[in-house]
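Visitor: target26.txt is reproduced below (compact mmCIF, C-alpha atoms).
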# COMPACT_ATOMS: atom_id res chain seq x y z
CA VAL A 1 1.01 -7.30 5.67
CA ASN A 2 0.65 -8.18 9.35
CA ILE A 3 1.82 -11.80 8.99
CA ASP A 4 4.46 -11.19 6.32
CA GLN A 5 7.88 -10.92 7.96
CA TYR A 6 9.21 -8.65 5.20
CA PRO A 7 6.35 -6.83 3.37
CA THR A 8 8.55 -5.57 0.52
CA ALA A 9 5.99 -5.60 -2.33
CA GLY A 10 5.85 -2.25 -4.10
CA VAL A 11 8.36 -0.46 -1.82
CA THR A 12 9.08 3.00 -3.19
CA ASN A 13 10.85 4.76 -0.30
CA ILE A 14 13.20 3.91 2.56
CA VAL A 15 14.13 6.16 5.46
CA VAL A 16 16.54 5.37 8.30
CA ASP A 17 17.03 6.54 11.88
CA PRO A 18 20.71 5.66 12.41
CA PHE A 19 20.60 6.54 16.12
CA GLU A 20 17.96 3.92 16.94
CA ASN A 21 18.85 1.50 14.09
CA ILE A 22 15.33 1.89 12.68
CA VAL A 23 14.43 1.31 9.02
CA CYS A 24 11.06 2.45 7.65
CA THR A 25 9.78 1.45 4.21
CA THR A 26 6.81 2.85 2.29
CA ALA A 27 4.93 1.33 -0.63
CA LYS A 28 3.15 4.48 -1.77
CA ASP A 29 0.89 2.85 -4.36
CA LEU A 30 -0.26 0.21 -1.88
CA GLY A 31 -0.49 2.44 1.20
CA ILE A 32 1.82 0.21 3.26
CA VAL A 33 4.28 1.49 5.89
CA VAL A 34 6.60 -0.90 7.73
CA PHE A 35 9.04 -0.29 10.59
CA TYR A 36 12.01 -2.59 11.20
CA ARG A 37 14.73 -2.80 13.82
CA TYR A 38 18.20 -3.39 12.41
CA ASP A 39 20.46 -5.76 14.38
CA SER A 40 24.02 -4.78 13.51
CA ALA A 41 25.49 -7.85 15.18
CA SER A 42 23.59 -10.27 12.97
CA ALA A 43 23.04 -7.83 10.07
CA THR A 44 19.32 -8.66 10.02
CA LEU A 45 16.04 -6.75 10.06
CA GLU A 46 13.24 -7.56 12.48
CA LYS A 47 9.78 -6.24 11.73
CA ILE A 48 8.34 -4.09 14.52
CA LYS A 49 5.03 -3.15 12.88
CA ALA A 50 3.36 -3.01 9.47
CA MET A 51 0.51 -0.60 8.71
CA GLY A 52 -1.77 -0.55 5.69
CA PRO A 53 -5.09 0.89 4.47
CA SER A 54 -7.18 -1.46 6.62
CA GLY A 55 -8.29 -0.71 10.15
CA GLY A 56 -9.64 2.78 9.51
CA ARG A 57 -6.30 4.26 8.61
CA TRP A 58 -5.49 6.08 5.39
CA GLY A 59 -6.72 5.22 1.90
CA SER A 60 -5.17 2.88 -0.65
CA THR A 61 -2.30 5.23 -1.56
CA THR A 62 -0.01 7.47 0.47
CA THR A 63 3.00 9.71 0.16
CA ASN A 64 6.41 8.66 1.40
CA THR A 65 6.95 8.50 5.17
CA VAL A 66 9.22 10.99 6.96
CA ILE A 67 10.65 10.61 10.46
CA ASP A 68 11.92 12.99 13.13
CA PRO A 69 14.80 11.23 14.94
CA LEU A 70 14.81 13.81 17.74
CA TYR A 71 11.22 13.25 18.84
CA LYS A 72 10.93 9.71 17.40
CA THR A 73 7.83 10.62 15.41
CA TYR A 74 6.74 9.85 11.86
CA PHE A 75 4.40 11.42 9.30
CA VAL A 76 2.66 10.01 6.25
CA VAL A 77 -0.06 11.68 4.17
CA ASP A 78 -3.18 10.13 2.64
CA ARG A 79 -3.13 11.07 -1.05
CA SER A 80 -6.93 11.27 -1.28
CA GLY A 81 -8.04 12.47 2.14
CA LYS A 82 -6.08 15.69 2.87
CA LYS A 83 -4.91 14.18 6.14
CA ALA A 84 -1.50 13.62 7.71
CA TYR A 85 -1.07 10.67 10.04
CA PHE A 86 1.55 10.72 12.74
CA GLY A 87 2.76 8.49 15.51
CA THR A 88 5.81 7.59 17.54
CA TYR A 89 8.35 4.80 17.25
CA SER A 90 11.09 3.11 19.23
CA ASP A 91 13.22 0.02 18.71
CA THR A 92 10.46 -2.08 20.27
CA SER A 93 7.14 -0.50 19.25
CA VAL A 94 5.31 1.83 16.86
CA THR A 95 2.25 3.78 18.01
CA GLU A 96 -0.46 5.41 15.90
CA LYS A 97 -1.46 8.70 17.50
CA SER A 98 -3.99 10.49 15.29
CA SER A 99 -4.75 12.06 11.93
CA ILE A 100 -4.41 15.78 11.29
CA ASP A 101 -6.36 17.75 8.68
CA LEU A 102 -4.17 19.48 6.10
CA TYR A 103 -5.86 22.82 5.59
CA ASP A 104 -5.35 24.81 2.42
CA TYR A 105 -6.33 28.23 1.18
CA LEU A 106 -6.89 29.38 -2.41
CA TYR A 107 -4.69 26.61 -3.82
CA PRO A 108 -6.02 23.20 -2.76
CA ILE A 109 -4.03 20.14 -1.88
CA SER A 110 -4.68 17.66 -4.68
CA ASN A 111 -3.28 14.13 -4.75
CA PRO A 112 -0.03 14.89 -2.89
CA THR A 113 2.77 12.52 -3.88
CA SER A 114 5.70 13.57 -1.68
CA ILE A 115 6.40 15.15 1.71
CA ASP A 116 9.54 16.30 3.51
CA LEU A 117 10.36 17.37 7.05
CA SER A 118 13.00 19.98 7.87
CA PRO A 119 16.04 18.66 9.80
CA ASP A 120 14.89 20.38 13.00
CA GLY A 121 11.38 18.92 12.64
CA SER A 122 9.66 22.32 12.62
CA ARG A 123 8.34 22.44 9.03
CA LEU A 124 6.48 19.87 6.90
CA VAL A 125 6.18 20.47 3.15
CA VAL A 126 3.78 18.78 0.74
CA SER A 127 4.21 18.53 -3.05
CA CYS A 128 1.21 18.22 -5.40
CA PRO A 129 2.27 17.83 -9.05
CA SER A 130 -1.31 17.19 -10.22
CA ASN A 131 -2.15 20.90 -9.77
CA ASN A 132 1.39 22.33 -9.56
CA SER A 133 1.04 23.42 -5.94
CA PHE A 134 3.39 23.47 -2.95
CA HIS A 135 2.28 23.63 0.68
CA SER A 136 4.11 24.09 3.98
CA TYR A 137 3.01 23.63 7.59
CA GLN A 138 4.55 24.61 10.91
CA VAL A 139 4.87 21.63 13.25
CA VAL A 140 3.70 22.84 16.65
CA ARG A 141 4.35 20.50 19.56
CA ASN A 142 2.35 20.69 22.78
CA TYR A 143 4.15 17.66 24.16
CA PRO A 144 6.72 15.34 22.57
CA ASP A 145 3.98 13.07 21.21
CA SER A 146 1.17 15.64 20.80
CA LEU A 147 1.22 18.13 17.95
CA TYR A 148 -0.70 19.94 15.26
CA LEU A 149 0.13 21.34 11.83
CA GLY A 150 -0.41 25.05 11.22
CA LEU A 151 -0.80 26.16 7.60
CA GLU A 152 2.13 28.41 6.73
CA SER A 153 1.94 28.86 2.95
CA ASN A 154 0.48 27.28 -0.15
CA ILE A 155 1.39 28.49 -3.60
CA PRO A 156 1.00 27.62 -7.26
CA VAL A 157 4.43 26.91 -8.73
CA PRO A 158 5.19 29.22 -11.71
CA SER A 159 4.09 27.55 -14.94
CA ASN A 160 7.36 28.37 -16.72
CA LEU A 161 9.13 25.86 -14.44
CA GLY A 162 7.19 22.99 -16.01
CA ASP A 163 5.22 20.26 -14.28
CA GLY A 164 5.77 19.44 -10.64
CA PRO A 165 6.88 19.64 -7.95
CA TYR A 166 7.50 15.90 -7.91
CA GLY A 167 9.25 16.27 -4.59
CA ALA A 168 10.98 18.83 -2.39
CA VAL A 169 13.69 19.09 0.23
CA VAL A 170 13.32 21.73 2.94
CA MET A 171 16.09 23.10 5.17
CA GLY A 172 15.25 26.04 7.37
CA SER A 173 13.76 28.82 5.25
CA VAL A 174 14.81 27.41 1.86
CA ALA A 175 13.39 24.56 -0.19
CA GLN A 176 14.58 22.84 -3.34
CA LEU A 177 11.73 21.77 -5.62
CA MET A 178 12.12 18.97 -8.17
CA MET A 179 10.46 20.25 -11.33
CA GLU A 180 10.13 19.06 -14.91
CA GLU A 181 12.69 21.70 -15.93
CA GLY A 182 15.20 20.86 -13.19
CA LEU A 183 15.88 21.71 -9.56
CA HIS A 184 14.71 25.13 -8.33
CA LEU A 185 15.43 27.02 -5.12
CA PHE A 186 12.61 28.74 -3.20
CA SER A 187 12.77 30.74 0.03
CA ILE A 188 10.37 32.07 2.63
CA GLY A 189 10.67 34.75 5.32
CA GLY A 190 12.51 38.05 5.28
CA GLY A 191 9.24 39.87 4.72
CA GLU A 192 7.86 37.24 2.33
CA LEU A 193 4.76 35.41 3.58
CA ASP A 194 4.83 32.79 0.83
CA TRP A 195 7.48 30.71 -0.88
CA THR A 196 9.27 32.77 -3.54
CA HIS A 197 11.26 31.46 -6.47
CA VAL A 198 14.95 32.39 -6.15
CA ARG A 199 16.74 30.66 -9.02
CA LYS A 200 17.36 27.45 -10.85
CA VAL A 201 20.19 25.43 -9.32
CA SER A 202 20.60 22.45 -11.66
CA ASP A 203 22.22 22.31 -15.09
CA GLY A 204 20.25 21.68 -18.27
CA SER A 205 16.50 21.20 -18.51
CA SER A 206 16.16 17.57 -17.40
CA PRO A 207 13.86 16.65 -14.51
CA VAL A 208 15.42 15.81 -11.13
CA SER A 209 14.36 12.39 -9.86
CA ASP A 210 16.13 12.29 -6.48
CA ILE A 211 18.56 14.06 -4.11
CA CYS A 212 20.78 12.82 -1.30
CA PHE A 213 23.03 14.59 1.23
CA ASN A 214 25.99 14.08 3.51
CA SER A 215 25.17 13.89 7.21
CA ALA A 216 26.29 17.46 7.87
CA LYS A 217 23.98 18.75 5.12
CA THR A 218 26.87 20.67 3.57
CA LYS A 219 26.88 18.75 0.28
CA GLU A 220 24.26 17.21 -1.97
CA TRP A 221 24.15 14.97 -5.02
CA ILE A 222 21.29 15.27 -7.49
CA LEU A 223 20.16 12.65 -9.98
CA GLN A 224 18.68 13.96 -13.23
CA GLU A 225 16.94 12.13 -16.06
CA GLY A 226 17.02 12.88 -19.75
CA SER A 227 18.26 10.96 -22.76
CA THR A 228 20.65 9.60 -20.13
CA SER A 229 20.84 9.92 -16.35
CA TYR A 230 23.60 11.94 -14.72
CA ILE A 231 24.79 13.01 -11.26
CA SER A 232 25.88 16.46 -10.13
CA SER A 233 27.29 17.44 -6.74
CA MET A 234 26.74 20.79 -5.04
CA ASN A 235 28.10 22.42 -1.89
CA LEU A 236 25.50 23.91 0.45
CA TYR A 237 25.42 26.96 2.70
CA ASN A 238 22.45 27.20 5.06
CA GLY A 239 20.62 24.70 2.88
CA ALA A 240 21.13 26.59 -0.40
CA PRO A 241 23.44 25.32 -3.19
CA ILE A 242 26.39 27.65 -3.80
CA ASP A 243 28.18 25.84 -6.64
CA SER A 244 27.98 22.70 -8.76
CA SER A 245 30.26 20.12 -10.33
CA THR A 246 30.44 18.95 -13.92
CA PRO A 247 27.62 16.39 -14.35
CA THR A 248 28.70 12.74 -14.50
CA PRO A 249 26.71 10.81 -17.16
CA LEU A 250 25.58 7.26 -16.41
CA ALA A 251 25.63 6.09 -20.07
CA SER A 252 22.63 3.84 -20.71
CA PHE A 253 21.80 3.38 -17.02
CA ARG A 254 18.50 5.07 -16.12
CA GLY A 255 18.66 5.91 -12.44
CA LYS A 256 15.58 6.59 -10.34
CA VAL A 257 16.91 6.94 -6.78
CA ILE A 258 20.21 7.93 -5.17
CA ALA A 259 21.63 7.51 -1.65
CA SER A 260 24.97 7.93 0.11
CA SER A 261 26.53 5.18 2.23
CA PRO A 262 26.67 5.50 6.05
CA LEU A 263 30.40 6.24 5.86
CA GLU A 264 29.73 8.73 3.04
CA ASN A 265 32.35 7.15 0.79
CA PHE A 266 29.98 5.68 -1.80
CA LEU A 267 26.89 6.70 -3.75
CA ALA A 268 24.30 4.09 -4.69
CA VAL A 269 22.09 4.74 -7.73
CA GLY A 270 19.15 2.44 -8.35
CA SER A 271 16.88 1.84 -11.31
CA THR A 272 13.84 -0.43 -11.46
CA ASN A 273 15.97 -3.58 -11.28
CA GLN A 274 19.66 -2.55 -11.13
CA LEU A 275 22.08 -0.85 -8.77
CA MET A 276 25.29 1.07 -9.45
CA LEU A 277 27.94 2.10 -6.87
CA PHE A 278 30.20 5.13 -7.20
CA ARG A 279 33.13 6.03 -4.97
CA ILE A 280 32.89 9.59 -3.63
CA GLY A 281 36.02 11.62 -4.29
CA ASP A 282 37.10 14.96 -2.90
CA ASN A 283 34.91 16.76 -5.44
Let me see the structure of the file written as structure tokens.
Guide:
Amino acid sequence: VNIDQYPTAGVTNIVVDPFENIVCTTAKDLGIVVFYRYDSASATLEKIKAMGPSGGRWGSTTTNTVIDPLYKTYFVVDRSGKKAYFGTYSDTSVTEKSSIDLYDYLYPISNPTSIDLSPDGSRLVVSCPSNNSFHSYQVVRNYPDSLYLGLESNIPVPSNLGDGPYGAVVMGSVAQLMMEEGLHLFSIGGGELDWTHVRKVSDGSSPVSDICFNSAKTKEWILQEGSTSYISSMNLYNGAPIDSSTPTPLASFRGKVIASSPLENFLAVGSTNQLMLFRIGDN
């Protein structure tokens, strides 16, 4: 990993900081996180730092990595150790600060597979499909590069929603959980101390494999799997979907991930070895 210029084996997730031209890849099943600097003039990537299970870091598998562009920090969670690891990054270096225990209460964290960070960087959520639990933590910063995670809520997801959550997206006091039976909206606050199920927001009963958004977070596109994959778009208000489009089927193409282009005029849908591009229309 350290001597490989592009450690791309097993990459499962990519996240980008467009302000600093930083690209971060994660190979969850290998426990490898790599930061690159993107040179727009030459359209090339230059590795800044690669991190793996060796050196007293996390175990052999991790969740995806999330970044906070405001504070230039990143988080990744050890799937076996109930610990979050965080550090800082720039276009010249990546630092490893410390590990933070992920405390739980009543409903334990068990083999977490996915994490998400709210757009303002104040809330980290952890999804554990192995025991159908969902956990959230308040990110409390003492200094820009010193913080701790305070347990906010951990709940068992209602069994009638099927297996999951396989992932979640959090915006403010609402979260969308990707369940076996589709995409479901949860909320917290307003007198509620724990996440509460609000409603189902996706069509049909197919599992949701991925979600992407426009930069303003006013629109989202969800990718669902079933006998065929299909895409639906939804408008958002304060992070909650308020309507949906007619799903677009992808015929025999089985999509796994979805992303919007930097100019937000195309959607890219990827499978294990193929990629499809769709032009984004007014709807």
Visitor: From the list A:Phe19, A:Tyr6, A:Phe253, A:Phe75, which residue is nearest Ala50 of chain A when using only C-alpha atoms?
Guide: A:Tyr6
Visitor: May I have the residues within 6 Å of segment 127-144 of chain A as a VMD selection string, using only C-alpha atoms and disregarding those fewer than 4 positions away in the same chain?
Guide: chain A and resid 110 112 114 122 to 123 148 to 157 164 to 167
Visitor: Between A:Phe186, A:Tyr36, A:Trp221, A:Tyr103, single out the one closest to Val16 of chain A, counting all atoms listed in the file.
Guide: A:Tyr36
Visitor: Would you mind listing what lies within 9 Å of Ala259 of chain A as a PyMOL selection string, with only C-alpha atoms counted and same-chain residues fewer than 6 positions away left out?
Guide: chain A and resi 210-213+221+266-270
Visitor: Pull C-alpha atoms from the residues just selected and write them as a PDB file, in the frame of the given file.
Guide:
ATOM      1  CA  ASP A 210      16.130  12.290  -6.480  1.00  0.00           C
ATOM      2  CA  ILE A 211      18.560  14.060  -4.110  1.00  0.00           C
ATOM      3  CA  CYS A 212      20.780  12.820  -1.300  1.00  0.00           C
ATOM      4  CA  PHE A 213      23.030  14.590   1.230  1.00  0.00           C
ATOM      5  CA  TRP A 221      24.150  14.970  -5.020  1.00  0.00           C
ATOM      6  CA  PHE A 266      29.980   5.680  -1.800  1.00  0.00           C
ATOM      7  CA  LEU A 267      26.890   6.700  -3.750  1.00  0.00           C
ATOM      8  CA  ALA A 268      24.300   4.090  -4.690  1.00  0.00           C
ATOM      9  CA  VAL A 269      22.090   4.740  -7.730  1.00  0.00           C
ATOM     10  CA  GLY A 270      19.150   2.440  -8.350  1.00  0.00           C
TER      11      GLY A 270
END
Visitor: Could you check how far atom CA of Arg79 of chain A sits from atom CA of Ile115 of chain A, in Å to one decimal?
Guide: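 Taking atom CA of Arg79 of chain A and atom CA of Ile115 of chain A, their separation equals 10.7 Å.
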Visitor: So which one's closest to Tyr38 of chain A, A:Asn21, A:Ser261, A:Ser54, A:Ser232? Using all atoms listed in the file, please.
Guide: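 Nearest to Tyr38 of chain A: A:Asn21.
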Visitor: Could you check how far atom CA of Asp29 of chain A sits from atom CA of Val125 of chain A, in Å to one decimal?
Guide: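 Answer for the atom CA of Asp29 of chain A to atom CA of Val125 of chain A separation: 19.9 Å.
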Visitor: Find the residues with any atom within 10 Å of (11.9, -4.1, 17.6); use only C-alpha atoms and the coordinates as given in the file, and write the answer as a list in words.
Guide: Asn21, Ile22, Phe35, Tyr36, Arg37, Tyr38, Asp39, Leu45, Glu46, Lys47, Ile48, Lys49, Tyr89, Ser90, Asp91, Thr92, Ser93 and Val94 of chain A
Visitor: Check the smallest atom-to-atom distance from each of A:Asp243, A:Glu96, A:Asp120, A:Glu220 to Pro69 of chain A using all atoms listed in the file, then report the winner.
Guide: A:Asp120
Visitor: Determine the nearest neighbour of Ser233 of chain A from the options A:Leu275, A:Ile280, A:Val257, A:Ala251, counting all atoms listed in the file.
Guide: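 Among the listed residues, A:Ile280 lies closest to Ser233 of chain A.
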Visitor: Please determine, counting all atoms listed in the file, which residue among A:Ile258, A:Ile100, A:Leu185, A:Leu193 has the shortest atom-to-atom distance to Asn13 of chain A.
Guide: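 Using all atoms listed in the file, Asn13 of chain A sits closest to A:Ile258.
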